[in-house]
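Before any comments, here is the structure.
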Amino acid sequence: MYIPKHFNVSDEKSIRDFIEENSFGQLISTHEGSVVSTHMPFLYDAQNRKLLGHLAKANPQWQQIEKQNILVTLQGDHAYVSPSWYEYAGVPTWNYQALHLEGVAENFNDPERLKFVVDALTNKHESAYSVA
């Protein structure tokens, strides 16, 4: 992703906060020679600097992802900027926040670790709902 120098963010806390606030993204890898993407929620393990997620067994992306170089994209706020907003002639543009994370995928099937990830994802996203 092209990032103009004045927009680049390298502060670990800012990046960690962005991941926490915008944790739904795309896991991009290859499967059977094609580029594939799964839209999914992620958890950030700050201590180990790893993203955690869960792919369903029915999703074939997990079958060939082990040890692949992958890309995860997370998107934040975005908005169209009209040239009519400028005092002088301008061009339309789009302001946005995005984070691209590259790494090497690791599958696991340890039941306790899987339960931890699924429970953590559930707790994070269900916490806003009250149980009657």
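The way I read the labels, and the way they are meant: chains A, B, ... in the order of the structure tokens, residue 1 as the first residue of every chain, and ligand 1 as the first ligand shown, with later ones counted on from there.
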
Produce a table with one row for each residue of stretch 93-120 of chain A that has an atom at most 7 Å from any atom of stretch 51-74 of chain A, each row naming the nearest atom pair and its distance in Å at one decimal; use only C-alpha atoms; arrange rows by chain and rising residue number; format as a Markdown table.
| residue | atom | partner | partner_atom | distance |
| --- | --- | --- | --- | --- |
| A:Ala98 | CA | A:Leu74 | CA | 5.6 |
| A:Leu99 | CA | A:Leu74 | CA | 5.2 |
| A:His100 | CA | A:Thr73 | CA | 4.6 |
| A:Leu101 | CA | A:Val72 | CA | 5.1 |
| A:Glu102 | CA | A:Leu71 | CA | 4.6 |
| A:Gly103 | CA | A:Ile70 | CA | 5.5 |
| A:Val104 | CA | A:Asn69 | CA | 4.6 |
| A:Ala105 | CA | A:Lys67 | CA | 5.1 |
| A:Glu106 | CA | A:Glu66 | CA | 5.1 |
| A:Asn107 | CA | A:Glu66 | CA | 5.7 |
| A:Val117 | CA | A:Gly53 | CA | 6.9 |

Exercise. Select, from A:Lys5, A:Arg113, A:Lys13, A:His125, the residue with the minimum atom-to-atom distance to A:Ala46, counting only C-alpha atoms.
Key: A:Lys13

Quiz prompt | For atom CA of A:Ser23 and atom CA of A:His6, the interatomic separation in Å (one decimal) | solution = 24.2 Å

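What separates atom CA of A:Asp11 from atom CA of A:Leu121 is a distance of 25.1 Å.
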
Which residues are close to A:Gln97, i.e. within 10 Å by only C-alpha atoms, leaving aside same-chain residues fewer than 6 positions away? Reply as a short mmCIF file (atom, residue, chain, number, x, y, z; two decimals) with N, CA and C atoms, in the first residue's frame.
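Just written: around10.cif:
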data_model
loop_
_atom_site.label_atom_id
_atom_site.label_comp_id
_atom_site.auth_asym_id
_atom_site.auth_seq_id
_atom_site.Cartn_x
_atom_site.Cartn_y
_atom_site.Cartn_z
N PHE A 7 1.62 10.69 6.17
CA PHE A 7 0.47 9.94 6.69
C PHE A 7 0.88 8.64 7.38
N PHE A 18 -5.70 0.99 16.86
CA PHE A 18 -6.43 0.89 15.59
C PHE A 18 -6.94 -0.54 15.39
N ASN A 22 -10.82 -1.54 15.04
CA ASN A 22 -11.18 -1.89 13.66
C ASN A 22 -10.75 -3.32 13.36
N LEU A 74 -7.19 -4.10 7.48
CA LEU A 74 -8.20 -3.59 8.39
C LEU A 74 -8.52 -2.17 7.95
N GLN A 75 -9.79 -1.84 7.91
CA GLN A 75 -10.20 -0.51 7.45
C GLN A 75 -10.88 0.26 8.56
N GLY A 76 -10.51 1.52 8.67
CA GLY A 76 -11.14 2.41 9.64
C GLY A 76 -12.07 3.37 8.94
N ASP A 77 -12.18 4.56 9.50
CA ASP A 77 -13.06 5.58 8.94
C ASP A 77 -12.60 5.97 7.53
N HIS A 78 -13.57 6.37 6.71
CA HIS A 78 -13.25 6.84 5.37
C HIS A 78 -14.33 7.81 4.92
N ALA A 79 -13.94 8.70 4.01
CA ALA A 79 -14.90 9.70 3.53
C ALA A 79 -14.43 10.29 2.20
#

Quiz item: Please, which residues of chain A, numbered as in this document, come out strand (DSSP E) from DSSP, as a PyMOL selection string?
Solution: chain A and resi 24-31+34-41+43-45+50-52+69-81+93-104

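Taking atom CA of A:Met40 as the reference point, atom CA of A:Thr122 is found at 12.7 Å.
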